[in-house]
$ cat my_file.txt   # compact mmCIF, C-alpha atoms and all ligand atoms
# COMPACT_ATOMS: atom_id res chain seq x y z
CA MET Y 1 156.09 200.13 123.58
CA SER Y 2 157.40 203.07 125.55
CA THR Y 3 159.76 205.58 124.00
CA ARG Y 4 162.50 204.20 126.18
CA ASP Y 5 161.88 200.60 124.90
CA SER Y 6 161.89 201.70 121.28
CA GLU Y 7 165.15 203.58 121.83
CA ARG Y 8 166.65 200.43 123.29
CA THR Y 9 165.67 198.20 120.32
CA SER Y 10 166.37 200.54 117.38
CA PRO Y 11 169.75 199.90 115.73
CA SER Y 12 172.17 202.76 116.10
CA PRO Y 13 173.06 204.44 112.80
CA LEU Y 14 176.68 203.97 113.84
CA GLU Y 15 176.29 200.22 114.30
CA GLU Y 16 178.53 198.04 112.12
CA PRO Y 17 176.52 196.48 109.26
CA LYS Y 18 175.62 192.84 109.75
CA THR Y 19 178.04 190.40 108.14
CA PHE Y 20 177.28 187.05 106.59
CA ARG Y 21 179.44 183.96 106.60
CA VAL Y 22 180.03 182.61 103.11
CA ASN Y 23 181.76 179.41 102.04
CA LEU Y 24 183.11 179.22 98.52
CA THR Y 25 185.90 177.58 96.58
CA VAL Y 26 188.39 179.87 94.91
CA ASN Y 27 190.85 178.36 92.45
CA GLY Y 28 190.42 174.97 94.08
CA THR Y 29 190.81 176.14 97.68
CA GLU Y 30 187.86 176.20 100.07
CA ARG Y 31 187.46 179.58 101.75
CA THR Y 32 185.18 180.87 104.49
CA VAL Y 33 184.70 184.61 104.81
CA ASP Y 34 182.53 186.98 106.80
CA VAL Y 35 181.36 189.71 104.47
CA ASP Y 36 179.18 192.76 104.44
CA PRO Y 37 176.26 191.71 102.19
CA ARG Y 38 177.16 194.56 99.83
CA THR Y 39 180.62 193.15 99.09
CA THR Y 40 181.03 192.29 95.43
CA LEU Y 41 182.93 189.23 94.29
CA LEU Y 42 185.40 191.61 92.62
CA THR Y 43 186.17 193.33 95.93
CA LEU Y 44 186.44 190.01 97.73
CA LEU Y 45 188.88 188.58 95.20
CA ARG Y 46 191.08 191.63 94.94
CA GLU Y 47 190.99 193.14 98.42
CA ARG Y 48 190.46 190.16 100.71
CA PHE Y 49 192.20 187.39 98.75
CA GLY Y 50 194.84 189.49 96.95
CA LEU Y 51 193.89 188.03 93.56
CA THR Y 52 194.56 191.22 91.65
CA GLY Y 53 194.77 189.51 88.26
CA THR Y 54 191.04 190.22 88.02
CA LYS Y 55 190.88 193.86 87.02
CA ALA Y 56 188.55 196.57 88.27
CA GLY Y 57 187.57 198.76 85.34
CA CYS Y 58 184.17 200.40 85.22
CA HIS Y 59 182.56 198.79 88.31
CA GLN Y 60 179.25 198.90 86.47
CA GLY Y 61 179.14 195.93 84.15
CA THR Y 62 180.20 197.56 80.92
CA CYS Y 63 183.89 196.73 80.35
CA GLY Y 64 184.35 193.01 81.13
CA ALA Y 65 187.74 193.53 82.81
CA CYS Y 66 186.45 191.80 85.96
CA THR Y 67 185.31 188.59 84.21
CA VAL Y 68 185.75 185.41 86.27
CA HIS Y 69 184.11 181.99 86.20
CA VAL Y 70 181.45 181.00 88.71
CA ASP Y 71 180.62 177.31 88.43
CA GLY Y 72 182.17 177.40 84.96
CA ARG Y 73 180.10 180.32 83.69
CA ARG Y 74 181.47 183.76 82.82
CA VAL Y 75 180.30 186.42 85.22
CA LEU Y 76 181.11 190.05 85.79
CA SER Y 77 182.47 189.98 89.31
CA CYS Y 78 181.75 193.70 89.81
CA LEU Y 79 178.03 192.95 89.50
CA THR Y 80 178.06 189.74 91.54
CA LEU Y 81 177.48 189.90 95.27
CA THR Y 82 179.68 187.55 97.26
CA VAL Y 83 176.66 186.27 99.16
CA SER Y 84 175.06 185.20 95.89
CA ALA Y 85 178.14 183.11 95.08
CA ALA Y 86 177.91 181.11 98.32
CA GLY Y 87 178.84 177.46 97.72
CA ALA Y 88 180.12 178.19 94.22
CA GLU Y 89 183.41 177.33 92.53
CA ILE Y 90 185.18 180.51 91.50
CA ARG Y 91 188.00 180.48 88.99
CA THR Y 92 190.21 183.45 88.25
CA ILE Y 93 193.06 184.16 85.83
CA GLU Y 94 195.56 183.08 88.51
CA ASP Y 95 194.34 179.49 88.11
CA LEU Y 96 194.79 179.22 84.36
CA ALA Y 97 198.49 178.45 84.09
CA GLU Y 98 199.79 175.08 85.32
CA PRO Y 99 201.28 174.99 88.83
CA ASP Y 100 204.75 174.75 87.24
CA GLY Y 101 204.13 178.03 85.41
CA THR Y 102 203.32 176.52 82.00
CA LEU Y 103 200.96 178.98 80.37
CA HIS Y 104 197.45 178.03 79.31
CA PRO Y 105 197.14 177.78 75.50
CA LEU Y 106 195.12 181.01 75.48
CA GLN Y 107 197.80 182.85 77.42
CA ARG Y 108 200.41 181.58 74.94
CA ALA Y 109 198.20 182.57 71.99
CA PHE Y 110 197.71 186.10 73.31
CA VAL Y 111 201.49 186.49 73.46
CA GLU Y 112 202.05 184.82 70.08
CA PHE Y 113 199.41 186.90 68.29
CA ASP Y 114 200.34 190.12 70.09
CA ALA Y 115 196.75 190.35 71.34
CA LEU Y 116 197.42 193.06 73.91
CA GLN Y 117 199.01 196.41 74.38
CA CYS Y 118 198.65 197.74 77.94
CA GLY Y 119 197.29 194.37 79.12
CA PHE Y 120 194.64 195.77 81.45
CA CYS Y 121 191.75 194.01 79.73
CA THR Y 122 193.69 190.80 79.09
CA PRO Y 123 192.74 188.70 82.15
CA GLY Y 124 189.06 189.38 81.49
CA GLN Y 125 189.51 188.69 77.77
CA ILE Y 126 191.20 185.37 78.47
CA MET Y 127 188.66 184.22 81.07
CA SER Y 128 185.89 185.15 78.69
CA ALA Y 129 187.62 183.38 75.78
CA GLU Y 130 188.16 180.20 77.79
CA ALA Y 131 184.44 179.93 78.53
CA CYS Y 132 183.55 180.99 75.00
CA ILE Y 133 185.56 178.11 73.51
CA ARG Y 134 184.17 175.61 76.04
CA GLU Y 135 180.61 176.73 75.24
CA GLY Y 136 181.23 176.19 71.50
CA ASN Y 137 180.83 179.89 70.83
CA ALA Y 138 184.15 180.45 69.09
CA GLU Y 139 183.50 178.59 65.85
CA SER Y 140 184.16 181.62 63.65
CA GLU Y 141 185.66 185.09 63.91
CA ASN Y 142 182.15 186.51 64.01
CA ASP Y 143 181.24 184.16 66.88
CA VAL Y 144 184.22 185.39 68.85
CA ARG Y 145 183.38 189.02 68.14
CA GLU Y 146 179.77 188.50 69.19
CA TYR Y 147 180.27 186.33 72.27
CA MET Y 148 183.14 188.43 73.55
CA SER Y 149 181.54 191.77 72.76
CA GLY Y 150 181.21 192.45 76.49
CA ASN Y 151 184.98 192.57 76.85
CA LEU Y 152 186.21 195.99 75.84
CA CYS Y 153 189.79 196.85 74.94
CA ARG Y 154 190.67 200.51 75.09
CA CYS Y 155 193.87 199.74 73.14
CA SER Y 156 191.75 198.28 70.32
CA ALA Y 157 193.68 195.03 70.10
CA TYR Y 158 190.48 193.36 68.84
CA PRO Y 159 191.75 191.88 65.53
CA ASN Y 160 194.61 190.07 67.25
CA ILE Y 161 192.43 189.01 70.19
CA VAL Y 162 190.04 187.37 67.73
CA ARG Y 163 192.94 185.65 65.94
CA ALA Y 164 194.38 184.38 69.21
CA VAL Y 165 191.05 182.96 70.38
CA ARG Y 166 190.32 181.36 67.03
CA SER Y 167 193.76 179.73 66.92
CA VAL Y 168 193.06 177.98 70.22
CA ALA Y 169 189.50 177.08 69.26
CA GLU Y 170 190.75 175.54 66.00
CA SER Y 171 193.34 173.45 67.81
CA ARG Y 172 190.70 171.75 69.97
S1 LIG Y 201 184.69 196.27 86.16
FE1 LIG Y 201 183.13 194.81 85.90
S2 LIG Y 201 182.37 195.14 83.91
FE2 LIG Y 201 183.85 196.71 84.20
S1 LIG Y 202 195.27 195.78 75.84
FE1 LIG Y 202 194.95 197.73 76.74
S2 LIG Y 202 192.85 197.70 77.25
FE2 LIG Y 202 193.14 195.92 76.08
$ encode --input "my_file.txt" --output "structure tokens" --more "lines below"
Ligand code: FES
Ligand code: FES
Amino acid sequence: MSTRDSERTSPSPLEEPKTFRVNLTVNGTERTVDVDPRTTLLTLLRERFGLTGTKAGCHQGTCGACTVHVDGRRVLSCLTLTVSAAGAEIRTIEDLAEPDGTLHPLQRAFVEFDALQCGFCTPGQIMSAEACIREGNAESENDVREYMSGNLCRCSAYPNIVRAVRSVAESR
């Protein structure tokens, strides 16, 4: 290949990165998006879909503020690439209350037990708790502490978070 040919076929460093088309379902609605393969699910949800209930804390998998459900399982959306969630069902905190605004039992319990202060960690705590209860991993206070240990609360509302989660688990 001549130098001229190789110049013609090499991508320019200024070229836009390739995008990928991804189909997924978010809170019951089918969506199709073209994304840079580096786009995290967290960025997609917050910046493309405006679902800012999912919080961006550490961006490195240590705080749990960005917890959402992918096919019913808890995931850290800051560590999940959108392309890896292709075809999946995504559920965020915005989908937890009923369409008429009736709060989910966990949302009511967090209010009732005063399980928050600033509220920044709360969406992630609640999404984590919902899955935790469904998985049968909220059978005791120790269970809740262990299975939700990835959800940090800088306001240290932990005792009341545990009580709120247990109250809902016990009512099931
Ligand atoms: S923002 Fe994802 S774990 Fe902190
Ligand atoms: S309520 Fe403030 S970080 Fe948890």
$ atom_distance --input "my_file.txt" --atom1 "atom CA of Val162 of chain Y" --atom2 "atom CA of Leu116 of chain Y"
11.2 Å
$ closest_residue --input "my_file.txt" --among "Y:Ser77, Y:Thr54, Y:Thr19, Y:Thr40" --to "ligand LIG 201 (chain Y)" --atoms "only C-alpha atoms and all ligand atoms"
Y:Ser77
$ closest_residue --input "my_file.txt" --among "Y:Val144, Y:Ala115, Y:Val35, Y:Leu152" --to "Phe20 of chain Y" --atoms "all atoms listed in the file"
Y:Val35
$ residues_near_ligand --input "my_file.txt" --ligand "ligand LIG 202 (chain Y)" --cutoff "9 Å" --atoms "all atoms listed in the file" --output "PyMOL selection string"
chain Y and resi 65+115-122+125+151-158
$ axis_aligned_box --input "my_file.txt" --around "segment 119-133 of chain Y" --padding-each-side "3 Å" --output "AutoDock Vina command-line options"
--center_x 190.4 --center_y 186.9 --center_z 77.8 --size_x 19.7 --size_y 23.7 --size_z 14.6
$ atom_distance --input "my_file.txt" --atom1 "atom CA of Leu79 of chain Y" --atom2 "atom CA of Leu24 of chain Y"
17.2 Å
$ residues_near_ligand --input "my_file.txt" --ligand "ligand LIG 201 (chain Y)" --cutoff "6 Å" --atoms "all atoms listed in the file" --output "VMD selection string"
chain Y and resid 56 to 66 76 to 78
